[in-house]
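Structure below is work_14.txt: compact mmCIF, C-alpha atoms.
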```txt
# COMPACT_ATOMS: atom_id res chain seq x y z
CA MET A 1 -13.67 -9.76 -6.14
CA GLY A 2 -14.57 -6.74 -4.00
CA ILE A 3 -13.18 -5.62 -0.71
CA VAL A 4 -13.70 -7.97 2.20
CA LYS A 5 -13.72 -6.43 5.66
CA ALA A 6 -13.84 -7.99 9.09
CA GLU A 7 -17.13 -6.17 9.66
CA ASN A 8 -18.50 -7.49 6.33
CA ILE A 9 -18.48 -4.14 4.56
CA LYS A 10 -21.02 -4.00 1.75
CA ARG A 11 -19.84 -4.12 -1.84
CA ILE A 12 -20.47 -1.20 -4.16
CA LYS A 13 -23.90 -1.24 -5.76
CA MET A 14 -24.10 0.39 -9.19
CA SER A 15 -27.19 1.29 -11.14
CA PRO A 16 -27.58 -0.18 -14.66
CA LYS A 17 -26.63 3.20 -16.16
CA LYS A 18 -23.43 3.36 -14.10
CA VAL A 19 -22.54 -0.21 -15.06
CA GLN A 20 -23.05 0.63 -18.75
CA LYS A 21 -20.91 3.76 -18.42
CA GLU A 22 -18.18 1.84 -16.60
CA ASN A 23 -18.13 -0.90 -19.23
CA LYS A 24 -17.77 1.65 -22.03
CA THR A 25 -14.78 3.17 -20.24
CA LEU A 26 -13.16 -0.23 -19.70
CA GLU A 27 -13.65 -1.20 -23.36
CA LYS A 28 -11.26 1.60 -24.29
CA LEU A 29 -8.48 0.08 -22.23
CA PRO A 30 -5.69 -1.78 -24.06
CA THR A 31 -5.82 -5.57 -24.22
CA SER A 32 -2.62 -6.06 -22.22
CA PRO A 33 -1.60 -4.47 -18.89
CA ARG A 34 0.36 -1.19 -19.19
CA THR A 35 2.73 -2.26 -16.45
CA SER A 36 5.50 0.12 -17.51
CA SER A 37 3.41 3.11 -16.34
CA LEU A 38 2.20 1.57 -13.08
CA ARG A 39 2.89 3.44 -9.87
CA PRO A 40 1.10 3.83 -6.53
CA PHE A 41 -1.97 6.06 -6.79
CA VAL A 42 -1.41 7.31 -3.22
CA LYS A 43 1.71 8.53 -1.46
CA TRP A 44 2.05 6.49 1.71
CA ALA A 45 4.32 6.87 4.73
CA GLY A 46 6.84 4.04 4.49
CA GLY A 47 6.29 3.57 0.75
CA LYS A 48 8.85 1.22 -0.77
CA GLY A 49 9.64 2.92 -4.09
CA HIS A 50 13.12 3.77 -2.77
CA LEU A 51 13.81 0.15 -1.76
CA LEU A 52 12.42 -1.79 -4.74
CA GLN A 53 15.71 -2.63 -6.45
CA LYS A 54 17.07 -4.16 -3.26
CA LEU A 55 13.85 -5.96 -2.35
CA GLU A 56 13.45 -7.56 -5.78
CA GLN A 57 16.83 -9.25 -5.31
CA HIS A 58 15.00 -11.44 -2.79
CA PHE A 59 11.88 -12.18 -4.85
CA PRO A 60 11.42 -15.96 -5.26
CA ARG A 61 11.45 -17.24 -8.83
CA ASN A 62 8.25 -19.20 -8.25
CA PHE A 63 5.38 -18.87 -5.81
CA SER A 64 1.78 -20.00 -5.50
CA THR A 65 0.00 -16.91 -4.13
CA TYR A 66 1.44 -13.50 -3.26
CA TYR A 67 0.34 -11.87 0.01
CA GLU A 68 0.98 -8.27 0.99
CA PRO A 69 -0.73 -7.58 4.35
CA PHE A 70 0.62 -4.04 4.88
CA LEU A 71 -0.26 -2.85 1.39
CA GLY A 72 0.00 0.93 1.68
CA GLY A 73 0.80 2.36 -1.76
CA GLY A 74 1.40 -1.13 -3.19
CA ALA A 75 4.79 -0.40 -4.81
CA VAL A 76 6.07 -3.96 -4.28
CA PHE A 77 2.93 -5.50 -5.78
CA PHE A 78 3.21 -3.25 -8.84
CA ARG A 79 6.87 -4.23 -9.29
CA LEU A 80 5.89 -7.90 -9.16
CA VAL A 81 3.26 -7.23 -11.84
CA GLU A 82 6.01 -5.86 -14.09
CA LYS A 83 7.92 -9.11 -13.67
CA ARG A 84 4.91 -11.44 -13.83
CA PRO A 85 1.68 -9.88 -15.22
CA ARG A 86 -0.66 -12.61 -13.96
CA PHE A 87 -0.60 -14.30 -10.57
CA ASN A 88 -2.87 -14.90 -7.59
CA ALA A 89 -2.61 -12.20 -4.93
CA VAL A 90 -4.15 -11.28 -1.59
CA LEU A 91 -3.70 -7.54 -1.00
CA SER A 92 -4.69 -6.17 2.37
CA ASP A 93 -4.28 -3.43 4.92
CA SER A 94 -5.86 -2.66 8.29
CA ASN A 95 -6.77 0.79 6.97
CA ALA A 96 -10.33 0.31 5.72
CA GLU A 97 -10.39 3.69 3.93
CA LEU A 98 -7.31 2.78 1.92
CA MET A 99 -8.71 -0.62 0.95
CA ASN A 100 -12.00 1.00 -0.02
CA ALA A 101 -10.01 3.22 -2.39
CA TYR A 102 -8.37 0.17 -4.00
CA ASN A 103 -11.78 -1.43 -4.36
CA VAL A 104 -13.22 1.67 -6.06
CA VAL A 105 -10.23 1.94 -8.41
CA LYS A 106 -10.89 -1.67 -9.38
CA ASN A 107 -14.68 -1.51 -9.69
CA ASN A 108 -15.76 2.07 -10.35
CA VAL A 109 -12.81 3.99 -11.81
CA ALA A 110 -14.91 6.08 -14.22
CA GLU A 111 -16.95 7.71 -11.43
CA LEU A 112 -13.79 8.11 -9.34
CA VAL A 113 -12.04 9.99 -12.16
CA LYS A 114 -15.11 12.19 -12.65
CA GLN A 115 -15.20 13.21 -9.00
CA LEU A 116 -11.44 13.81 -8.82
CA ARG A 117 -11.64 16.09 -11.84
CA LEU A 118 -14.29 18.11 -10.04
CA HIS A 119 -12.08 18.37 -6.96
CA ALA A 120 -9.16 19.53 -9.12
CA THR A 121 -11.24 22.29 -10.73
CA ARG A 122 -12.55 23.60 -7.41
CA TYR A 123 -9.13 23.35 -5.73
CA LYS A 124 -7.51 25.66 -8.30
CA LEU A 125 -9.97 28.46 -7.46
CA SER A 126 -8.91 28.70 -3.81
CA PRO A 127 -6.50 25.90 -2.81
CA LYS A 128 -6.13 26.38 0.94
CA GLU A 129 -9.75 27.28 1.62
CA TYR A 130 -11.04 24.40 -0.49
CA TYR A 131 -8.63 21.93 1.13
CA TYR A 132 -9.87 22.61 4.65
CA ARG A 133 -13.49 22.62 3.55
CA ALA A 134 -13.02 19.25 1.82
CA ARG A 135 -11.08 17.85 4.79
CA ASP A 136 -14.06 18.45 7.07
CA GLU A 137 -16.43 16.55 4.79
CA GLU A 138 -17.45 12.99 5.66
CA PRO A 139 -18.74 11.27 2.51
CA LEU A 140 -20.72 8.11 3.18
CA ASP A 141 -20.70 6.32 -0.19
CA ASP A 142 -17.70 4.24 -1.28
CA VAL A 143 -16.76 6.34 -4.31
CA GLY A 144 -17.04 9.56 -2.31
CA ARG A 145 -14.81 8.14 0.44
CA ALA A 146 -12.20 7.00 -2.09
CA THR A 147 -12.24 10.39 -3.84
CA HIS A 148 -11.90 12.10 -0.47
CA LEU A 149 -8.88 10.02 0.51
CA ILE A 150 -7.06 10.48 -2.82
CA PHE A 151 -7.75 14.24 -2.95
CA LEU A 152 -6.46 14.78 0.60
CA ASN A 153 -3.46 12.54 -0.05
CA ARG A 154 -2.52 14.61 -3.11
CA THR A 155 -2.92 18.00 -1.44
CA CYS A 156 -2.09 17.56 2.26
CA TYR A 157 1.25 18.25 3.93
CA ASN A 158 3.92 15.83 2.68
CA GLY A 159 1.33 13.32 1.45
CA LEU A 160 0.76 11.92 4.94
CA TYR A 161 -2.25 9.91 6.03
CA ARG A 162 -2.82 10.52 9.72
CA VAL A 163 -5.93 10.32 11.87
CA ASN A 164 -6.56 11.25 15.49
CA LYS A 165 -8.20 9.12 18.17
CA LYS A 166 -11.61 10.06 16.80
CA ASN A 167 -10.53 8.69 13.41
CA LYS A 168 -10.55 12.18 11.88
CA PHE A 169 -8.00 13.06 9.21
CA ASN A 170 -5.91 15.88 10.70
CA VAL A 171 -3.00 16.61 8.33
CA PRO A 172 -2.63 20.31 7.42
CA PHE A 173 -2.62 21.91 3.97
CA GLY A 174 0.31 20.97 1.75
CA ARG A 175 1.09 24.21 -0.13
CA TYR A 176 1.89 22.48 -3.43
CA ARG A 177 2.09 24.70 -6.51
CA ASN A 178 0.27 22.39 -8.89
CA PRO A 179 -0.57 18.98 -7.40
CA THR A 180 -1.79 16.21 -9.69
CA ILE A 181 -5.16 15.49 -8.13
CA CYS A 182 -6.53 13.32 -10.94
CA ASP A 183 -3.82 11.08 -12.43
CA GLU A 184 -6.25 9.48 -14.84
CA GLU A 185 -3.76 7.48 -16.89
CA ASN A 186 -2.30 5.77 -13.83
CA LEU A 187 -5.69 5.13 -12.26
CA LEU A 188 -6.79 3.37 -15.46
CA ALA A 189 -3.57 1.34 -15.48
CA VAL A 190 -4.08 0.27 -11.85
CA ASN A 191 -7.73 -0.51 -12.61
CA GLU A 192 -6.65 -2.74 -15.45
CA VAL A 193 -4.12 -4.68 -13.39
CA LEU A 194 -6.52 -5.20 -10.49
CA ARG A 195 -9.28 -6.37 -12.84
CA ARG A 196 -7.10 -8.65 -14.93
CA SER A 197 -5.20 -10.16 -12.02
CA ASN A 198 -6.68 -12.48 -9.44
CA ALA A 199 -6.19 -9.87 -6.71
CA LYS A 200 -8.35 -10.33 -3.64
CA LEU A 201 -8.74 -7.09 -1.65
CA LEU A 202 -9.11 -7.31 2.14
CA ALA A 203 -9.52 -4.79 4.94
CA ALA A 204 -8.03 -6.86 7.76
CA ASP A 205 -5.02 -7.17 10.03
CA TYR A 206 -2.00 -9.16 8.86
CA ARG A 207 -2.94 -12.33 10.74
CA LYS A 208 -6.42 -12.63 9.24
CA ALA A 209 -5.10 -11.71 5.81
CA THR A 210 -2.36 -14.39 5.78
CA LYS A 211 -4.08 -17.11 7.81
CA SER A 212 -4.71 -19.23 4.71
CA ALA A 213 -1.13 -18.93 3.40
CA GLY A 214 0.71 -22.19 2.93
CA LYS A 215 3.77 -23.87 1.49
CA GLY A 216 5.17 -22.09 -1.55
CA ASP A 217 3.26 -18.83 -1.01
CA PHE A 218 5.25 -15.57 -1.04
CA ILE A 219 4.51 -13.03 1.70
CA TYR A 220 6.01 -9.55 1.98
CA PHE A 221 5.58 -7.76 5.31
CA ASP A 222 6.07 -4.01 5.47
CA PRO A 223 4.80 -3.06 8.95
CA PRO A 224 4.98 0.44 10.41
CA TYR A 225 8.64 0.72 11.30
CA GLN A 226 9.94 0.43 14.85
CA PRO A 227 10.87 4.03 15.76
CA GLU A 228 14.59 4.76 15.78
CA SER A 229 13.95 7.60 18.24
CA THR A 230 11.07 9.09 20.22
CA THR A 231 10.36 11.58 17.39
CA ALA A 232 10.48 9.09 14.51
CA ASN A 233 7.03 7.56 14.93
CA PHE A 234 4.75 7.48 11.84
CA THR A 235 2.33 4.76 12.92
CA SER A 236 -0.96 6.68 13.00
CA TYR A 237 -2.23 5.24 9.71
CA THR A 238 -5.28 4.09 11.64
CA ASN A 239 -6.35 5.12 15.12
CA SER A 240 -4.93 1.92 16.62
CA GLY A 241 -1.20 2.58 16.08
CA PHE A 242 1.49 -0.13 16.02
CA SER A 243 3.38 -0.68 19.26
CA PHE A 244 6.54 -2.61 20.12
CA ASP A 245 4.30 -5.39 21.44
CA ASP A 246 2.75 -5.51 17.96
CA GLN A 247 6.25 -5.81 16.49
CA MET A 248 6.97 -8.79 18.74
CA GLN A 249 3.67 -10.46 17.83
CA LEU A 250 4.47 -10.00 14.15
CA GLY A 251 7.81 -11.70 14.77
CA GLU A 252 6.00 -14.70 16.26
CA TRP A 253 3.63 -14.82 13.27
CA PHE A 254 6.62 -14.65 10.91
CA LYS A 255 8.06 -17.70 12.69
CA GLU A 256 4.74 -19.57 12.43
CA LEU A 257 4.46 -18.92 8.69
CA ASP A 258 8.07 -19.99 8.22
CA GLY A 259 7.12 -23.31 9.79
CA LYS A 260 4.34 -23.69 7.21
CA GLY A 261 6.83 -23.41 4.35
CA CYS A 262 5.97 -19.87 3.21
CA GLN A 263 8.54 -17.72 1.41
CA LEU A 264 8.97 -14.69 3.64
CA LEU A 265 10.36 -11.19 3.17
CA LEU A 266 10.10 -8.28 5.62
CA SER A 267 11.46 -4.75 5.89
CA ASN A 268 11.85 -2.68 9.04
CA SER A 269 14.07 -0.08 10.69
CA ASN A 270 17.65 -0.81 11.63
CA THR A 271 17.24 -1.03 15.40
CA LYS A 272 18.54 -3.45 18.00
CA GLU A 273 14.94 -4.35 18.90
CA VAL A 274 14.13 -5.48 15.35
CA ARG A 275 17.44 -7.33 15.04
CA GLU A 276 16.66 -9.21 18.24
CA ILE A 277 13.14 -10.21 17.12
CA TYR A 278 14.47 -11.69 13.84
CA ARG A 279 17.88 -12.86 15.08
CA LYS A 280 17.30 -16.40 13.76
CA TYR A 281 16.66 -15.19 10.19
CA ASN A 282 18.68 -13.59 7.43
CA ILE A 283 19.22 -9.90 8.14
CA ARG A 284 20.53 -7.58 5.43
CA GLU A 285 21.38 -3.95 6.18
CA VAL A 286 20.86 -1.60 3.23
CA GLU A 287 21.41 2.10 2.66
CA THR A 288 18.35 4.00 1.54
CA LEU A 289 16.35 7.22 1.75
CA ARG A 290 13.60 8.02 4.19
CA ALA A 291 10.34 7.97 2.26
CA ILE A 292 8.71 10.75 4.28
CA ASN A 293 10.40 13.46 6.30
CA CYS A 294 9.59 17.13 6.64
CA LYS A 295 13.17 18.13 5.71
CA ALA A 296 14.63 16.89 2.44
CA ASN A 297 18.17 16.69 3.84
CA SER A 298 16.88 14.45 6.64
CA ARG A 299 15.77 11.82 4.12
CA LYS A 300 19.33 10.99 3.09
CA GLY A 301 21.91 8.59 4.42
CA HIS A 302 20.23 6.09 6.68
CA THR A 303 19.94 2.30 6.74
CA GLU A 304 17.06 -0.15 6.91
CA LEU A 305 16.79 -3.91 7.32
CA ILE A 306 15.59 -6.50 4.81
CA ILE A 307 14.80 -9.73 6.63
CA SER A 308 14.09 -13.08 4.98
CA ASN A 309 13.82 -16.76 5.65
CA ASN A 310 15.96 -19.14 3.60
CA ALA A 311 13.38 -19.28 0.78
CA CYS A 312 13.94 -15.56 0.06
CA LEU A 313 17.70 -15.38 0.44
CA LEU A 314 19.58 -12.76 -1.58
CA ARG A 315 20.04 -14.31 -5.04
CA ARG A 316 23.84 -14.39 -5.06
CA LYS A 317 23.80 -16.20 -1.71
CA ARG A 318 21.22 -18.60 -3.12
CA SER A 319 23.47 -19.50 -6.03
CA ASN A 320 26.50 -19.95 -3.76
CA THR A 321 24.64 -22.57 -1.71
CA LYS A 322 23.98 -24.81 -4.74
```
Go ahead and render the structure in this file as structure tokens.
Amino acid sequence: MGIVKAENIKRIKMSPKKVQKENKTLEKLPTSPRTSSLRPFVKWAGGKGHLLQKLEQHFPRNFSTYYEPFLGGGAVFFRLVEKRPRFNAVLSDSNAELMNAYNVVKNNVAELVKQLRLHATRYKLSPKEYYYRARDEEPLDDVGRATHLIFLNRTCYNGLYRVNKKNKFNVPFGRYRNPTICDEENLLAVNEVLRRSNAKLLAADYRKATKSAGKGDFIYFDPPYQPESTTANFTSYTNSGFSFDDQMQLGEWFKELDGKGCQLLLSNSNTKEVREIYRKYNIREVETLRAINCKANSRKGHTELIISNNACLLRRKRSNTK
């Protein structure tokens, strides 16, 4: 199924020749998912690669449908795929450009790889000049937009995705020595998982994306974190931001879904505001690394919160209650 957007974005239309080319590429893929090589195809602020081992201690043994409404790089979804190759999933994010990229990886990976290779060749000739020229481009077709996002993500400063109030990408050049612009093997692996799974891709806010969730469904929330200080705000993934009022509304939605019998897991910063919002739930403080920070030594030695309802208790606590 293609991307579904609140504004009813059109699905990709491919000519017969493109369809034939795509099918030939997909026929070369192995018959079973290469989950061992899966990793996010974009670097995303707040990515959960550093927290996966702790989060998976809360994964429920059984669930009906998996929802991830703040998808980002999708690290948690890919870890679930390693544990359980086939399951129903609703993957979503309010960032329409990001979800378009997922859709293109799923439905038109051959053309995506072709365009990324071209970017990589041109980038090597004059990296900084080509980066800024490409950043100013505004491709209109879905594959072009996806290629644009992935190229910028791979070559911009610290892998950030940030837009201004005019929805223009404004992250400066990254100064990498040899960035991997076209990670073809991983793109094919992600393509395979998205095609073989029952993943539904949505460009929508968390409420619309999880409205149909019910008893037994597993939902992981990874919202933009509540800032720990006035300088620790990385919420400009879209031009709408994510305020403290948004954090409070998410807390109310969490409570509503808990009442429906959903299995709930959420991560956020270790602040008194977040602790207060989820005071009636299970709060676990964990040591971790900051996923994105301009100074490497500033990524070390800080704590985050993993919050769950009783259905997603830490496993050892689960066993002690039996």
What gap, in Å, lies between CA of Tyr278 in chain A and CA of Ala203 in chain A? 26.5 Å
Box centre and edge lengths (Å, one decimal), axis-aligned, range 84-99 of chain A plus 5 Å each side, as lines of an AutoDock Vina configuration file:
```
center_x = -2.7
center_y = -5.6
center_z = -3.5
size_x = 25.3
size_y = 28.6
size_z = 33.5
```
Can you find the residues with an atom no farther than 9 Å from (9.1, -8.7, 15.0), counting all atoms listed in the file, and report them as a CSV table (one decimal) with C-alpha atoms, in the coordinates of the input?
```csv
chain,number,residue,atom,x,y,z
A,244,PHE,CA,6.5,-2.6,20.1
A,245,ASP,CA,4.3,-5.4,21.4
A,246,ASP,CA,2.8,-5.5,18.0
A,247,GLN,CA,6.2,-5.8,16.5
A,248,MET,CA,7.0,-8.8,18.7
A,249,GLN,CA,3.7,-10.5,17.8
A,250,LEU,CA,4.5,-10.0,14.2
A,251,GLY,CA,7.8,-11.7,14.8
A,252,GLU,CA,6.0,-14.7,16.3
A,253,TRP,CA,3.6,-14.8,13.3
A,254,PHE,CA,6.6,-14.6,10.9
A,268,ASN,CA,11.8,-2.7,9.0
A,273,GLU,CA,14.9,-4.4,18.9
A,274,VAL,CA,14.1,-5.5,15.4
A,275,ARG,CA,17.4,-7.3,15.0
A,276,GLU,CA,16.7,-9.2,18.2
A,277,ILE,CA,13.1,-10.2,17.1
A,278,TYR,CA,14.5,-11.7,13.8
```
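The gap separating CA of Tyr130 in chain A from CA of Val190 in chain A is 27.6 Å, in Å to one decimal.
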Of A:Gly74, A:Gly261, A:Pro172, A:Pro127, the one sitting nearest Gly46 in chain A when using all atoms listed in the file is A:Gly74
With distances taken over only C-alpha atoms, which residue among A:Gly241, A:Leu125, A:Asp136, A:Glu192 lies nearest Asn178 in chain A? A:Leu125
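Rounded to one decimal, CA of Gly72 in chain A and CA of Asp93 in chain A lie 6.9 Å from each other.
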May I have the residues at most 10 Å from (-12.9, 17.2, -6.2) in the file's coordinates, counting only C-alpha atoms, as a ChimeraX atom specification? /A:112-123,130-131,134,144,147-148,150-152,181-182
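For the residues A:Asn88, A:Thr288, A:Asn164, A:Asn153, ranking by smallest atom-to-atom distance to Asn270 in chain A using all atoms listed in the file places A:Thr288 first.
Proximity of A:Arg61, A:Lys128, A:Arg162, A:Lys48 to Cys312 in chain A, computed with only C-alpha atoms, is greatest for A:Arg61.
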Range 155-160 of chain A surroundings by all atoms listed in the file, 7 Å radius, close-in-sequence under 3 positions cut, as a CSV table (one decimal) with C-alpha atoms, in the coordinates of the input:
```csv
chain,number,residue,atom,x,y,z
A,43,LYS,CA,1.7,8.5,-1.5
A,44,TRP,CA,2.0,6.5,1.7
A,45,ALA,CA,4.3,6.9,4.7
A,151,PHE,CA,-7.8,14.2,-3.0
A,152,LEU,CA,-6.5,14.8,0.6
A,171,VAL,CA,-3.0,16.6,8.3
A,172,PRO,CA,-2.6,20.3,7.4
A,173,PHE,CA,-2.6,21.9,4.0
A,174,GLY,CA,0.3,21.0,1.8
A,176,TYR,CA,1.9,22.5,-3.4
A,179,PRO,CA,-0.6,19.0,-7.4
```
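Closest approach to Arg177 in chain A from the set A:Val286, A:Gly214, A:Lys124, A:Arg86 is made by A:Lys124, with distances taken over only C-alpha atoms.
Candidate residues A:Asp142, A:Tyr161, A:Phe221, A:Asn103 were compared for distance to Phe77 in chain A, and the nearest is A:Phe221, using all atoms listed in the file.
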Just write range 89-112 of chain A with N, CA and C atoms, as a PDB file, in the first residue's frame, taken from the block above.
```
ATOM      1  N   ALA A  89       1.691  -3.659  10.326  1.00  0.00           N
ATOM      2  CA  ALA A  89       2.276  -2.448  10.892  1.00  0.00           C
ATOM      3  C   ALA A  89       1.678  -1.212  10.237  1.00  0.00           C
ATOM      4  N   VAL A  90       1.549  -0.155  11.025  1.00  0.00           N
ATOM      5  CA  VAL A  90       1.167   1.161  10.530  1.00  0.00           C
ATOM      6  C   VAL A  90       2.316   2.100  10.887  1.00  0.00           C
ATOM      7  N   LEU A  91       3.061   2.525   9.872  1.00  0.00           N
ATOM      8  CA  LEU A  91       4.243   3.360  10.071  1.00  0.00           C
ATOM      9  C   LEU A  91       3.925   4.763   9.588  1.00  0.00           C
ATOM     10  N   SER A  92       4.171   5.749  10.436  1.00  0.00           N
ATOM     11  CA  SER A  92       3.739   7.100  10.078  1.00  0.00           C
ATOM     12  C   SER A  92       4.634   8.159  10.693  1.00  0.00           C
ATOM     13  N   ASP A  93       4.531   9.348  10.110  1.00  0.00           N
ATOM     14  CA  ASP A  93       5.255  10.507  10.614  1.00  0.00           C
ATOM     15  C   ASP A  93       4.548  11.740  10.057  1.00  0.00           C
ATOM     16  N   SER A  94       4.619  12.842  10.772  1.00  0.00           N
ATOM     17  CA  SER A  94       3.997  14.069  10.277  1.00  0.00           C
ATOM     18  C   SER A  94       4.829  14.714   9.183  1.00  0.00           C
ATOM     19  N   ASN A  95       6.069  14.263   9.016  1.00  0.00           N
ATOM     20  CA  ASN A  95       6.944  14.800   7.976  1.00  0.00           C
ATOM     21  C   ASN A  95       6.619  14.120   6.650  1.00  0.00           C
ATOM     22  N   ALA A  96       5.919  14.836   5.772  1.00  0.00           N
ATOM     23  CA  ALA A  96       5.469  14.252   4.509  1.00  0.00           C
ATOM     24  C   ALA A  96       6.629  13.894   3.591  1.00  0.00           C
ATOM     25  N   GLU A  97       7.730  14.665   3.645  1.00  0.00           N
ATOM     26  CA  GLU A  97       8.890  14.358   2.802  1.00  0.00           C
ATOM     27  C   GLU A  97       9.528  13.043   3.222  1.00  0.00           C
ATOM     28  N   LEU A  98       9.616  12.818   4.519  1.00  0.00           N
ATOM     29  CA  LEU A  98      10.178  11.565   5.011  1.00  0.00           C
ATOM     30  C   LEU A  98       9.319  10.380   4.587  1.00  0.00           C
ATOM     31  N   MET A  99       7.993  10.508   4.740  1.00  0.00           N
ATOM     32  CA  MET A  99       7.120   9.396   4.394  1.00  0.00           C
ATOM     33  C   MET A  99       7.091   9.159   2.889  1.00  0.00           C
ATOM     34  N   ASN A 100       7.267  10.217   2.114  1.00  0.00           N
ATOM     35  CA  ASN A 100       7.397  10.035   0.669  1.00  0.00           C
ATOM     36  C   ASN A 100       8.640   9.193   0.366  1.00  0.00           C
ATOM     37  N   ALA A 101       9.725   9.437   1.102  1.00  0.00           N
ATOM     38  CA  ALA A 101      10.950   8.663   0.883  1.00  0.00           C
ATOM     39  C   ALA A 101      10.722   7.184   1.194  1.00  0.00           C
ATOM     40  N   TYR A 102      10.032   6.886   2.283  1.00  0.00           N
ATOM     41  CA  TYR A 102       9.707   5.491   2.597  1.00  0.00           C
ATOM     42  C   TYR A 102       8.888   4.869   1.471  1.00  0.00           C
ATOM     43  N   ASN A 103       7.922   5.619   0.975  1.00  0.00           N
ATOM     44  CA  ASN A 103       7.058   5.124  -0.081  1.00  0.00           C
ATOM     45  C   ASN A 103       7.852   4.807  -1.353  1.00  0.00           C
ATOM     46  N   VAL A 104       8.800   5.682  -1.688  1.00  0.00           N
ATOM     47  CA  VAL A 104       9.615   5.468  -2.880  1.00  0.00           C
ATOM     48  C   VAL A 104      10.557   4.280  -2.683  1.00  0.00           C
ATOM     49  N   VAL A 105      11.132   4.138  -1.503  1.00  0.00           N
ATOM     50  CA  VAL A 105      11.976   2.970  -1.228  1.00  0.00           C
ATOM     51  C   VAL A 105      11.161   1.692  -1.405  1.00  0.00           C
ATOM     52  N   LYS A 106       9.912   1.731  -1.012  1.00  0.00           N
ATOM     53  CA  LYS A 106       9.055   0.551  -1.125  1.00  0.00           C
ATOM     54  C   LYS A 106       8.635   0.286  -2.571  1.00  0.00           C
ATOM     55  N   ASN A 107       8.327   1.334  -3.328  1.00  0.00           N
ATOM     56  CA  ASN A 107       7.674   1.151  -4.626  1.00  0.00           C
ATOM     57  C   ASN A 107       8.515   1.457  -5.861  1.00  0.00           C
ATOM     58  N   ASN A 108       9.628   2.149  -5.677  1.00  0.00           N
ATOM     59  CA  ASN A 108      10.412   2.533  -6.856  1.00  0.00           C
ATOM     60  C   ASN A 108      11.897   2.606  -6.526  1.00  0.00           C
ATOM     61  N   VAL A 109      12.415   1.574  -5.869  1.00  0.00           N
ATOM     62  CA  VAL A 109      13.793   1.602  -5.374  1.00  0.00           C
ATOM     63  C   VAL A 109      14.819   1.635  -6.496  1.00  0.00           C
ATOM     64  N   ALA A 110      14.533   1.027  -7.637  1.00  0.00           N
ATOM     65  CA  ALA A 110      15.498   0.993  -8.739  1.00  0.00           C
ATOM     66  C   ALA A 110      15.798   2.398  -9.245  1.00  0.00           C
ATOM     67  N   GLU A 111      14.762   3.200  -9.468  1.00  0.00           N
ATOM     68  CA  GLU A 111      14.966   4.574  -9.940  1.00  0.00           C
ATOM     69  C   GLU A 111      15.626   5.422  -8.865  1.00  0.00           C
ATOM     70  N   LEU A 112      15.278   5.169  -7.599  1.00  0.00           N
ATOM     71  CA  LEU A 112      15.897   5.883  -6.491  1.00  0.00           C
ATOM     72  C   LEU A 112      17.404   5.637  -6.459  1.00  0.00           C
TER      73      LEU A 112
END
```
